[in-house]
Each structure stands twice: as C-alpha cells, then as structure tokens.
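These notes are about the structure you will find just below.
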Amino acid sequence: MQTPHITTELPGPKARVMIARDAAVVSPSYPRDYPFVMSHGRGAEVWDVDGNRFLDFAAGIAVCSTGHSHPHVVHAITEAAQGFLHISSDYWHERQIVLGERIRDLRPMGDEPVMSFMCQSGTEAVEGALKLARYVTGRSRFIGFLGGFHGRTMGSLSFTSSKYTQQQGFFPTMPGVTHVPYPNNYRPILAGDDQGAAVLHYIEHVLFMHNVPATEVAGILVEPIQGEGGYIVPPTGFLEGLRALCDRHGIMLIFDEVQSGIGRTGTMFAAHLTGVAPDIMTLAKGLGSGMPIGLVVAKKRWMEQWKRGAHGNTYGGNPLCCAAAIATLDLVEKEYAANAKDVGTYFLERLRDWQTRAPQIGEVRGHGLMIGLELVAGRGDTTPARALCDDLITRAYHNGLILLSCGVSTVRFMPPLLITRADVDEAMTILQASLCEVLAAGQPA
C-alpha cells in the first residue's frame with residue numbers, strides 16, 4: 001500500500017540532510033525509531049520537511065492532547081507572551097494561581113482539597129512527589145513496579161524499569177527502592193488467577209515480612225495504567241487494594257498520571273476510573289498541549305506541611321506554560337475527554353474485531369485513547385512478537401501513520417484527544433495493510 005499522502009521515498013531528501021546535520025551536533029542518546037523529520041502539524045495531522053502528510057497517533061508521546069497548534073492554545077500562549085515571558089517562583093502571578101484553582105476544582109483526590117507545585121516535566125514532578133512523601137512521613141524507602149516508567153533523572157530513574165537500558169551505566173541511582181511485579185493477568189508472574197490480589201499479598205505478606213519494613217516505606221509509586229511497560233490495565237480491585245494497604249501502614253499512595261492524566265482515558269484523571277484517591281499525583285505531558293509543564297498535586301493536608309524553601313525551582317509556573325495548561329483544561333473538560341471516551345470505545349471495538357481475524361494480535365486493552373495492541377507469535381502462542389511489532393510500526397510510518405511501541409511487543413495508540421471516527425478508520429486501513437505487507441515480506445515474529 002502507498003497512500004496518496006506519501007509523495008517521496010522516506011526519508012526524503014530534505015529529511016536526510018537534516019538527519020545528517022543533527023548527527024553532528026545533537027546527542028545520540030535519544031531513542032529514535034524511524035526517520036520522521038517534522039515540518040508542521042494541525043490537529044491530528046503532521047507533515048514532514050519533504051511535504052509528506054501523516055496521521056499522528058503518537059501525539060509527541062501523549063503530549064499534544066488538544067492536537068497540534070490548537071488555535072485556542074496558541075492564542076492563550078501568544079496573549080501571555082505579550083505580557084511577560086518569565087517571573088521566578090519567588091513571586092506571584094495570576095495564571096499560576098488560576099491553574100492551581102482549576103486543578104483543585106477538578107477534584108483529583110475526590111472530596112479532599114489539593115494544592116499544586118508547578119514544574120517543567122514529568123520526571124521533575126516525580127522527583128517532587130518523592131521529596132514530599134519523604135518530608136511528610138519521615139521515612140526513606142519506596143516501592144515501585146516492574147515495567148514502570150517515571151523519568152530519567154536520578155530519583156525517578158530509580159523507579160524506571162520498563163527497559164534495563166534506561167538504568168544501564170547509571171548505577172547507583174537513589175537507594176531504597178524495591179520493585180514488585182505490576183499485575184497483568186495476560187502475562188502472570190505470581191501464582192493465582194487474580195494477579196492484582198497476588199501482588200497485594202506479595203507486598204504485605206512476603207516483602208513486608210522478610211525484606212522491607214512497612215514502617216520505613218514513605219510511598220508506593222504506581223501508574224494507574226502502566227504506560228511504557230505495555231499500556232497495561234490493572235485487574236479490577238488492585239488500586240482499591242493498594243489504597244487500603246497504604247492506609248493500614250501509613251504509606252503515601254502516589255499515582256504517576258504523567259501519561260494517563262488530562263482526559264487521556266476518557267476521564268480527566270485515570271484515578272477517576274476507579275474512584276481511588278491517591279495522596280499525591282504527578283501530571284505533565286498532555287497538560288500543556290506541547291508546552292513543558294508538570295505538576296505535583298497533593299492533598300492539601302500533606303502539601304501544606306512543606307516549609308518555606310523546602311522545595312522550589314526557577315521556571316515553575318512559567319506564564320506561557322500556565323496559559324497553555326489553562327487553555328488545555330478548558331478544551332479537555334468541555335469536549336475532548338468525552339470525545340476520547342466515545343472515539344476510544346469505537347477504536348477498541350474495531351481493534352477487537354480485527355483481533356478475531358488476526359492471530360498475531362494477542363490482546364487489545366486500554367481506556368479512552370490510551371490503547372495497547374499486543375502482538376504475539378500466533379493464536380494460542382503468547383510469545384511476544386518483538387520483531388513483528390517493530391516492523392509493523394516502521395511499515396505504518398512508510399504508509400503515513402505515526403506510531404510508537406511500548407512493553408516488549410505492544411503497539412500503543414495515544415492520538416490527540418480530538419480525533420474522529422474517520423481518523424480511526426483511516427488508521428485502521430493503514431494498520432491492516434501494513435501488517436499484511438510485513439507478513440508477506442516474511443518478517444519474523
């Protein structure tokens with residue numbers, strides 16, 4: 001298949017020149033998958049520097065929640081820039097206050113009032129959450145989950161375990177972090193049909209009894225839907241059980257919603273899918289529609305224990321980023337969260353229908369527009385098909401669809417929250433044709 005939107009061989013001549021220039025001056029550490037060099041984007045469409053048009057189902061890793069260059073967001077940023085570009089967090093400005101009020105009014109912790117700390121990224125938000133948990137509890141240990149991704153700075157990196165390459169060469173990271181399995185009924189690690197119950201039992205009756213004193217644990221950091229680890233939805237009751245476990249032992253429950261928050265799952269926060277209220281929540285990615293902003297959101301009774309100077313930064317609460325976040329929340333709250341739920345349901349139905357005819361699809365999972373399609377060796381053989389996943393994503397790029405993977409062999413779909421059913425139909429056409437091409441070429445699973 002060659003769509004009419006791809007008019008040059010990929011990468012095109014302009015893209016090849018830019019990639020060569022980049023190689024001479026930019027760090028090679030970025031985990032780039034295929035040679036897409038962006039020129040501009042509008043909504044869910046992007047164009048490369050050679051004029052090829054693509055449908056974007058990656059959205060800058062779930063960042064461009066309102067699509068590329070949404071007019072409402074661009075206007076808000078422009079208006080803020082005409083006032084001032086920066087004032088340090090030693091002072092006050094109204095957009096920072098308004099953003100804090102908006103987050104409070106969205107009730108991320110249910111009936112409990114919250115306060116927010118502004119920063120620039122997801123990893124910085126996680127670092128702030130860890131510091132707050134230690135500060136409030138006076139404890140030093142933490143529990144994280146295998147497959148989790150929480151950032152690449154030293155504190156957050158100590159929890160990140162979706163790929164060993166993320167920690168390779170950087171040991172020792174922050175001490176005191178113990179990892180346990182993330183519950184996945186499709187790929188169980190512990191004994192038992194309910195992996196959620198098995199993990200909870202392991203933490204309380206094995207880990208706490210033999211290795212990690214519960215009285216020394218400051219917090220448990222968890223993604224309510226695991227992102228980089230495979231877009232894994234935990235079993236029903238797991239997050240509720242984790243909340244109860246934390247309450248029994250005086251442990252802070254920290255939800256990393258950097259990827260799952262801001263309408264991505266069809267609700268403003270993934271926490272709202274179950275009604276479980278964490279003590280601390282981290283937000284970033286989709287919050288600013290592409291502007292670099294992160295938040296540590298915590299129950300007010302915990303956040304207000306921080307004393308003056310206990311934590312701070314230079315760029316937190318930047319007026320342009322706050323303006324983008326406020327505009328983003330306007331759009332998501334009024335329209336796009338509901339659209340993510342509606343179009344996401346349609347997308348899941350189409351993928352599951354395809355699954356009945358494609359033995360290479362082992363599982364389809366997700367909520368809203370946070371969807372994973374796990375590829376396997378074949379019907380009845382759940383061996384992860386890593387090469388097939390990589391080849392499918394690369395072939396889809398050549399056919400005009402931008403995608404990324406996660407886990408071992410999962411294609412993840414995280415398009416802008418404004419996509420339509422017609423966009424889903426176009427993506428499905430490209431996906432199905434791309435899989436046929438890969439299989440016809442005899443690529444290994």
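Chain lettering (A, B, ...) mirrors the order of the structure tokens, residue numbering begins at 1 for each chain separately, and ligand numbering begins at 1 in order of display.
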Would you mind listing what lies within 9 Å of A:Leu130 as a list in words, with only C-alpha atoms counted and same-chain residues fewer than 5 positions away left out?
-> Ala125, Tyr135, Phe142, Gly155, Ser156, Ala218, Gly219, Leu221 and Ile254 of chain A
Dump N, CA and C atoms for the selected residues as a PDB file, in the first residue's frame?
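Produced file out-v4.pdb, reproduced below:
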ATOM      1  N   ALA A 125       8.252  16.328  38.209  1.00  0.00           N
ATOM      2  CA  ALA A 125       7.073  16.139  39.052  1.00  0.00           C
ATOM      3  C   ALA A 125       7.237  14.918  39.953  1.00  0.00           C
ATOM      4  N   TYR A 135       9.366  13.881  53.147  1.00  0.00           N
ATOM      5  CA  TYR A 135       9.265  15.006  54.062  1.00  0.00           C
ATOM      6  C   TYR A 135       8.113  14.807  55.038  1.00  0.00           C
ATOM      7  N   PHE A 142      10.891   3.232  49.372  1.00  0.00           N
ATOM      8  CA  PHE A 142       9.767   3.297  48.436  1.00  0.00           C
ATOM      9  C   PHE A 142       9.566   1.940  47.778  1.00  0.00           C
ATOM     10  N   GLY A 155      16.376  10.320  40.801  1.00  0.00           N
ATOM     11  CA  GLY A 155      15.333   9.808  41.683  1.00  0.00           C
ATOM     12  C   GLY A 155      14.290   9.023  40.930  1.00  0.00           C
ATOM     13  N   SER A 156      13.742   9.604  39.885  1.00  0.00           N
ATOM     14  CA  SER A 156      12.719   8.919  39.098  1.00  0.00           C
ATOM     15  C   SER A 156      13.302   7.711  38.373  1.00  0.00           C
ATOM     16  N   ALA A 218       7.995   5.200  52.725  1.00  0.00           N
ATOM     17  CA  ALA A 218       7.375   6.517  52.597  1.00  0.00           C
ATOM     18  C   ALA A 218       6.240   6.502  51.587  1.00  0.00           C
ATOM     19  N   GLY A 219       6.433   5.789  50.472  1.00  0.00           N
ATOM     20  CA  GLY A 219       5.417   5.846  49.421  1.00  0.00           C
ATOM     21  C   GLY A 219       5.485   4.657  48.486  1.00  0.00           C
ATOM     22  N   LEU A 221       4.792   4.157  44.507  1.00  0.00           N
ATOM     23  CA  LEU A 221       4.627   4.909  43.262  1.00  0.00           C
ATOM     24  C   LEU A 221       4.111   3.969  42.182  1.00  0.00           C
ATOM     25  N   ILE A 254       1.130   7.200  45.668  1.00  0.00           N
ATOM     26  CA  ILE A 254       1.468   8.197  44.642  1.00  0.00           C
ATOM     27  C   ILE A 254       1.065   7.650  43.280  1.00  0.00           C
TER      28      ILE A 254
END
Within 6 Å of stretch 364-380 of chain A using only C-alpha atoms, minus same-chain residues under 6 positions, as a list of chain:residue names | A:Tyr231, A:Arg264, A:Thr265, A:Gly266, A:Ala340, A:Lys341, A:Gly344, A:Ser409, A:Thr410, A:Val411, A:Arg412, A:Phe413, A:Met414, A:Ala445
Please, which residues of stretch 66-306 of chain A, numbered as in this document, come out strand (DSSP E) from DSSP, as a PyMOL selection string?
-> chain A and resi 114-119+141-145+177-180+217-222+252-256+280-283+294-299
Next, the residues of the selection above should be written as a compact mmCIF listing (two decimals), in the first residue's frame with N, CA and C atoms.
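In the end it all went to out.txt:
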# COMPACT_ATOMS: atom_id res chain seq x y z
N VAL A 114 -6.87 19.98 47.39
CA VAL A 114 -5.49 19.74 46.96
C VAL A 114 -4.75 21.05 46.77
N MET A 115 -3.43 20.94 46.74
CA MET A 115 -2.55 22.04 46.35
C MET A 115 -1.60 21.52 45.29
N SER A 116 -1.06 22.43 44.48
CA SER A 116 -0.18 22.04 43.38
C SER A 116 1.18 22.72 43.48
N PHE A 117 2.21 21.98 43.08
CA PHE A 117 3.55 22.53 42.90
C PHE A 117 3.85 22.47 41.41
N MET A 118 4.22 23.61 40.81
CA MET A 118 4.46 23.69 39.37
C MET A 118 5.92 23.44 39.03
N CYS A 119 6.13 22.67 37.97
CA CYS A 119 7.48 22.40 37.48
C CYS A 119 7.45 22.30 35.96
N ARG A 141 12.16 4.74 52.46
CA ARG A 141 12.06 3.70 51.43
C ARG A 141 10.83 3.90 50.55
N PHE A 142 10.89 3.23 49.37
CA PHE A 142 9.77 3.30 48.44
C PHE A 142 9.57 1.94 47.78
N ILE A 143 8.36 1.75 47.24
CA ILE A 143 8.06 0.58 46.42
C ILE A 143 7.63 1.07 45.04
N GLY A 144 8.21 0.47 44.01
CA GLY A 144 7.82 0.74 42.63
C GLY A 144 7.45 -0.56 41.94
N PHE A 145 7.16 -0.49 40.64
CA PHE A 145 6.66 -1.65 39.91
C PHE A 145 7.50 -1.94 38.68
N VAL A 177 14.71 1.80 46.86
CA VAL A 177 13.55 1.49 46.02
C VAL A 177 13.49 -0.02 45.78
N THR A 178 12.37 -0.63 46.09
CA THR A 178 12.14 -2.06 45.85
C THR A 178 11.04 -2.22 44.82
N HIS A 179 11.30 -3.05 43.81
CA HIS A 179 10.33 -3.27 42.74
C HIS A 179 9.53 -4.55 42.96
N VAL A 180 8.26 -4.49 42.63
CA VAL A 180 7.39 -5.67 42.65
C VAL A 180 6.71 -5.77 41.28
N VAL A 217 8.57 2.58 54.84
CA VAL A 217 8.16 2.91 53.47
C VAL A 217 7.44 4.25 53.44
N ALA A 218 8.00 5.20 52.73
CA ALA A 218 7.38 6.52 52.60
C ALA A 218 6.24 6.50 51.59
N GLY A 219 6.43 5.79 50.47
CA GLY A 219 5.42 5.85 49.42
C GLY A 219 5.48 4.66 48.49
N ILE A 220 4.35 4.39 47.84
CA ILE A 220 4.26 3.43 46.75
C ILE A 220 3.91 4.22 45.50
N LEU A 221 4.79 4.16 44.51
CA LEU A 221 4.63 4.91 43.26
C LEU A 221 4.11 3.97 42.18
N VAL A 222 2.96 4.29 41.62
CA VAL A 222 2.33 3.39 40.65
C VAL A 222 1.65 4.18 39.54
N MET A 252 2.29 6.74 51.80
CA MET A 252 1.73 7.62 50.78
C MET A 252 1.51 6.85 49.47
N LEU A 253 0.29 6.92 48.94
CA LEU A 253 0.00 6.34 47.64
C LEU A 253 0.18 7.43 46.58
N ILE A 254 1.13 7.20 45.67
CA ILE A 254 1.47 8.20 44.64
C ILE A 254 1.06 7.65 43.28
N PHE A 255 0.16 8.34 42.61
CA PHE A 255 -0.23 7.98 41.25
C PHE A 255 0.59 8.80 40.26
N ASP A 256 1.33 8.12 39.39
CA ASP A 256 2.01 8.79 38.29
C ASP A 256 1.03 8.84 37.12
N ILE A 280 -0.78 11.71 46.50
CA ILE A 280 -0.02 12.59 45.62
C ILE A 280 -0.23 12.11 44.19
N MET A 281 -0.31 13.04 43.25
CA MET A 281 -0.45 12.72 41.83
C MET A 281 0.53 13.57 41.04
N THR A 282 1.17 12.95 40.05
CA THR A 282 2.05 13.70 39.16
C THR A 282 1.38 13.85 37.80
N LEU A 283 1.49 15.05 37.22
CA LEU A 283 0.91 15.36 35.92
C LEU A 283 1.97 16.04 35.06
N GLY A 294 4.82 20.53 34.31
CA GLY A 294 4.47 19.39 35.14
C GLY A 294 3.90 19.90 36.45
N LEU A 295 3.17 19.03 37.13
CA LEU A 295 2.60 19.39 38.43
C LEU A 295 2.78 18.25 39.42
N VAL A 296 3.09 18.61 40.66
CA VAL A 296 2.91 17.71 41.79
C VAL A 296 1.62 18.16 42.46
N VAL A 297 0.61 17.31 42.45
CA VAL A 297 -0.67 17.62 43.07
C VAL A 297 -0.80 16.73 44.30
N ALA A 298 -1.09 17.31 45.44
CA ALA A 298 -1.17 16.53 46.67
C ALA A 298 -2.33 17.01 47.53
N LYS A 299 -2.79 16.11 48.36
CA LYS A 299 -3.80 16.51 49.34
C LYS A 299 -3.26 17.69 50.13
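Nearest to A:Gln166 of all the residues A:Asp56, A:Arg243, A:Leu351, A:Tyr30 is A:Tyr30, based on only C-alpha atoms.
Minimum atom-to-atom distance to A:Ala387, evaluated using only C-alpha atoms, belongs to A:Gln360 out of A:Gln432, A:Gln360, A:Ser162, A:Asn339.
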What is the atom CA of A:Val63-atom CA of A:Gly263 distance in Å, reported with one decimal?
-> 11.4 Å
Atom pair atom CA of A:Ala324 + atom CA of A:Val74, distance 7.6 Å
